[in-house]
2 protein chains.
Amino acid sequence: MLELAILGLLKEQELHGYELKKRLGDTFGPMSRVSFGSLYPALRRLEKAGAVEVIEAGPSAAALSIPTTGSLSGERAAYRARRASGGRDTRGRKVYRITADGQALFEKLLAAEDASPEDDRSFQLRLAFARHLAADQRLGLLERRRAQLIERLARARTAVRSGRERLDSYARAVAEHSTEATEHDISWIERLIAAERSDREEVD
Amino acid sequence: MLELAILGLLKEQELHGYELKKRLGDTFGPMSRVSFGSLYPALRRLEKAGAVEVIEAGPSAAALSIPTTGSLSGERAAYRARRASGGRDTRGRKVYRITADGQALFEKLLAAEDASPEDDRSFQLRLAFARHLAADQRLGLLERRRAQLIERLARARTAVRSGRERLDSYARAVAEHSTEATEHDISWIERLIAAERSDREEVD
DNA sequence: GTCTCGATGTATCGACTCGATATATCTGCA
DNA sequence: TGCAGATATATCGAGTCGATACATCGAGAC
């Protein structure tokens, strides 16, 4: 699902890897932070699939924005780096842009209804991009999520009940807090569903 | 951290893989569900390290509990299976028991203070086993967690503030709900800390 | 009776992710 | 000047997931 997040961010704006990582963290909450060990391979996959392309960038943003003073030393540094790493240029940013294929892939990934039914991150991400969905797809997403949370809650409740005697106070506290969090999530989803429905009525 | 969970459950009771998986799910909440692709390799690692051992089990629980009627057909089936898979017996349960080394490993893993500072699952697991910690270790665990959540909240708030204009209503809803969940967690942790302190005073 | 279905049970595979690490540049400031 | 810390790309090993395979067992359909 990292691909979806990357494409969604690149839809708004051309970005390079490092900046992409930062935005992933603080746009979608701390839960969907990514490591470089996932991000760079994902970018390469997307590039190979033709969903994104690299806009050749100079050695640094500074050298691009202040070409008169920065360019000379930048060029020199670039030359040195190129020599040191055997011809491959390793420094400087690689700025990515989404392609038409990438746009199509984004739509497809976002709308996929088989979306892993128990994956919190994936839901959070889809909802954050819900603007790009049709109204009924949005409602479907929310209702599938609600059903899923309700089922989770039911199972958690029976688990707590059956382990009431077996569990000590700490394990019980964890289990109870977890069910509370699920209840909180459900009521949030239900507020969102209500808001969607009232939006729909306004259109009528 | 899967090792810690396995050892903790085996401390209470001898179990086989499948049952272990079920208990992981409903003892520690839906967040710490594990796949077989993690569980069985983890059990093998623990066995190789001498932390757990296999108690040789018959072809099935039924054959063990009702030996008079079940044993004959069970034996026959075992023979057939052994022949079919080239001598290796693949059916039947492998029941695991924790060893003395495993007990020591459990203590070590549970008390480890370097525990990944951003890993929610790991905290939940440690807290569920908090009974096995000394009172001051318990308090330390809770206070480290609180500090971590407070820092997360601060970063989330500045992120929301800076992206106030950039984000549409859906992305904003996700971000806001995420900060609410963190606040909820913090107040929970603080209740737990208060409870710990009052316990401590009672002992005095 | 037997046949099929879903739960129980162990196991592996490929794809993906993480945290640690390496390397180099740029920026600010002492 | 030099050096610490942010910026930036990249790889590695270990661990995890979801899918899949394979076998047994109990229950209910016919």
# chains A, B, ... in the order shown; residues from 1 in each chain; ligands from 1

$ interface_residues --of "chain B" --to "chain C" --cutoff "9 Å" --atoms "only C-alpha atoms (C1' of nucleotides)" --output "PDB file with C-alpha atoms, in the first residue's frame"
ATOM      1  CA  GLY B  17       1.221 -23.671  17.477  1.00  0.00           C
ATOM      2  CA  TYR B  18      -2.350 -23.306  16.344  1.00  0.00           C
ATOM      3  CA  PHE B  36       1.665 -18.729  10.596  1.00  0.00           C
ATOM      4  CA  GLY B  37       4.468 -17.507   8.423  1.00  0.00           C
ATOM      5  CA  TYR B  40       6.291 -21.368  13.014  1.00  0.00           C
ATOM      6  CA  THR B  90       3.734 -34.157   9.312  1.00  0.00           C
ATOM      7  CA  ARG B  91       0.344 -34.487  10.968  1.00  0.00           C
ATOM      8  CA  GLY B  92      -0.500 -34.259  14.665  1.00  0.00           C
ATOM      9  CA  ARG B  93       0.248 -31.540  17.136  1.00  0.00           C
ATOM     10  CA  LYS B  94       3.603 -30.429  18.385  1.00  0.00           C
TER      11      LYS B  94
END

$ interface_residues --of "chain B" --to "chain A" --cutoff "6 Å" --atoms "only C-alpha atoms" --output "number ranges by chain"
B: 26, 29, 128, 159, 170-171, 175

$ write_last_selection --atoms "C-alpha atoms" --output "PDB file, in the first residue's frame"
ATOM      1  CA  ASP B  26      -7.566 -12.628  21.650  1.00  0.00           C
ATOM      2  CA  GLY B  29      -6.097  -7.639  21.132  1.00  0.00           C
ATOM      3  CA  ALA B 128       0.161  -7.266  29.412  1.00  0.00           C
ATOM      4  CA  ALA B 159       1.876  18.804  11.426  1.00  0.00           C
ATOM      5  CA  TYR B 170     -10.860  13.899   4.623  1.00  0.00           C
ATOM      6  CA  ALA B 171      -7.135  14.030   5.229  1.00  0.00           C
ATOM      7  CA  ALA B 175      -5.129  13.516  11.148  1.00  0.00           C
TER       8      ALA B 175
END

$ atom_distance --atom1 "CA of Leu46 in chain A" --atom2 "CA of Arg138 in chain A"
25.8 Å

$ residues_around --residues "range 52-55 of chain A" --least-positions-apart "6" --cutoff "8 Å" --atoms "only C-alpha atoms (C1' of nucleotides)" --output "PyMOL selection string"
chain A and resi 43+46+94-99+102

$ write_last_selection --atoms "N, CA and C atoms" --output "PDB file, in the first residue's frame"
ATOM      1  N   LEU A  43       9.904   3.243  -4.752  1.00  0.00           N
ATOM      2  CA  LEU A  43      10.071   4.220  -5.838  1.00  0.00           C
ATOM      3  C   LEU A  43      10.659   3.557  -7.077  1.00  0.00           C
ATOM      4  N   LEU A  46       7.934   1.563  -8.774  1.00  0.00           N
ATOM      5  CA  LEU A  46       7.007   2.434  -9.489  1.00  0.00           C
ATOM      6  C   LEU A  46       7.637   2.982 -10.760  1.00  0.00           C
ATOM      7  N   LYS A  94      16.732  13.206  -6.447  1.00  0.00           N
ATOM      8  CA  LYS A  94      16.012  12.657  -7.586  1.00  0.00           C
ATOM      9  C   LYS A  94      14.549  13.022  -7.390  1.00  0.00           C
ATOM     10  N   VAL A  95      14.096  13.988  -8.169  1.00  0.00           N
ATOM     11  CA  VAL A  95      12.716  14.443  -8.002  1.00  0.00           C
ATOM     12  C   VAL A  95      11.801  13.600  -8.893  1.00  0.00           C
ATOM     13  N   TYR A  96      10.716  13.106  -8.290  1.00  0.00           N
ATOM     14  CA  TYR A  96       9.802  12.208  -9.019  1.00  0.00           C
ATOM     15  C   TYR A  96       8.537  12.945  -9.434  1.00  0.00           C
ATOM     16  N   ARG A  97       8.026  12.554 -10.594  1.00  0.00           N
ATOM     17  CA  ARG A  97       6.764  13.084 -11.102  1.00  0.00           C
ATOM     18  C   ARG A  97       5.872  11.912 -11.477  1.00  0.00           C
ATOM     19  N   ILE A  98       4.587  12.028 -11.212  1.00  0.00           N
ATOM     20  CA  ILE A  98       3.652  10.956 -11.561  1.00  0.00           C
ATOM     21  C   ILE A  98       3.332  11.027 -13.054  1.00  0.00           C
ATOM     22  N   THR A  99       3.173   9.864 -13.673  1.00  0.00           N
ATOM     23  CA  THR A  99       2.828   9.808 -15.106  1.00  0.00           C
ATOM     24  C   THR A  99       1.328   9.540 -15.263  1.00  0.00           C
ATOM     25  N   GLY A 102       0.612   6.292 -13.909  1.00  0.00           N
ATOM     26  CA  GLY A 102       0.608   6.388 -12.462  1.00  0.00           C
ATOM     27  C   GLY A 102      -0.735   6.874 -11.943  1.00  0.00           C
TER      28      GLY A 102
END

$ atom_distance --atom1 "CA of Ala49 in chain A" --atom2 "CA of Leu105 in chain A"
10.0 Å

$ closest_atom_pairs --of "chain D" --to "chain A" --cutoff "9 Å" --atoms "only C-alpha atoms (C1' of nucleotides)" --output "JSON lines"
{"residue": "D:DT7", "atom": "C1'", "partner": "A:Tyr18", "partner_atom": "CA", "distance": 7.9}
{"residue": "D:DA8", "atom": "C1'", "partner": "A:Tyr18", "partner_atom": "CA", "distance": 6.4}
{"residue": "D:DT9", "atom": "C1'", "partner": "A:Thr90", "partner_atom": "CA", "distance": 6.8}
{"residue": "D:DA10", "atom": "C1'", "partner": "A:Tyr40", "partner_atom": "CA", "distance": 7.7}
{"residue": "D:DT11", "atom": "C1'", "partner": "A:Gly37", "partner_atom": "CA", "distance": 8.1}

$ write_last_selection --atoms "C-alpha atoms (C1' of nucleotides)" --output "compact mmCIF listing (two decimals), in the first residue's frame"
# COMPACT_ATOMS: atom_id res chain seq x y z
C1' DT D 7 19.54 16.60 4.08
C1' DA D 8 19.76 12.96 0.72
C1' DT D 9 20.19 8.24 -1.57
C1' DA D 10 21.07 3.51 -1.08
C1' DT D 11 21.73 -1.43 0.60

$ residues_around --residues "Gly8 in chain A" --least-positions-apart "5" --cutoff "9 Å" --atoms "only C-alpha atoms (C1' of nucleotides)" --output "number ranges by chain"
A: 3, 103, 106, 129

$ write_last_selection --atoms "C-alpha atoms" --output "mmCIF file, in the first residue's frame"
data_model
loop_
_atom_site.group_PDB
_atom_site.id
_atom_site.type_symbol
_atom_site.label_atom_id
_atom_site.label_comp_id
_atom_site.auth_asym_id
_atom_site.auth_seq_id
_atom_site.Cartn_x
_atom_site.Cartn_y
_atom_site.Cartn_z
ATOM 1 C CA GLU A 3 2.612 2.713 -3.619
ATOM 2 C CA GLN A 103 -2.641 8.350 -12.250
ATOM 3 C CA PHE A 106 -3.621 5.405 -8.226
ATOM 4 C CA PHE A 129 -7.562 10.215 -0.263
#

$ decode --residues "chain C" --atoms "C-alpha atoms (C1' of nucleotides)" --output "compact mmCIF listing (two decimals), in the first residue's frame"
# COMPACT_ATOMS: atom_id res chain seq x y z
C1' DG C 1 -23.08 -45.18 4.83
C1' DT C 2 -20.65 -41.83 2.55
C1' DC C 3 -19.67 -37.36 1.08
C1' DT C 4 -18.66 -32.80 1.37
C1' DC C 5 -17.65 -28.69 4.16
C1' DG C 6 -15.39 -26.05 7.50
C1' DA C 7 -12.39 -26.14 11.47
C1' DT C 8 -7.96 -27.86 13.09
C1' DG C 9 -3.14 -28.35 12.40
C1' DT C 10 1.82 -27.85 10.48
C1' DA C 11 4.59 -25.93 7.04
C1' DT C 12 6.80 -23.08 3.16
C1' DC C 13 7.23 -19.35 -0.37
C1' DG C 14 7.76 -14.76 -2.33
C1' DA C 15 7.06 -10.06 -1.57
C1' DC C 16 7.44 -6.47 1.45
C1' DT C 17 9.00 -3.77 5.58
C1' DC C 18 12.00 -2.39 9.18
C1' DG C 19 16.08 -0.76 11.61
C1' DA C 20 20.85 -0.33 11.11
C1' DT C 21 24.39 1.16 8.48
C1' DA C 22 27.29 3.49 4.80
C1' DT C 23 28.29 7.47 2.27
C1' DA C 24 28.20 12.17 0.68
C1' DT C 25 26.58 16.99 0.68
C1' DC C 26 24.79 21.17 2.60
C1' DT C 27 23.98 24.64 6.48
C1' DG C 28 24.81 27.21 10.41
C1' DC C 29 27.61 28.67 13.90
C1' DA C 30 31.48 28.86 17.11
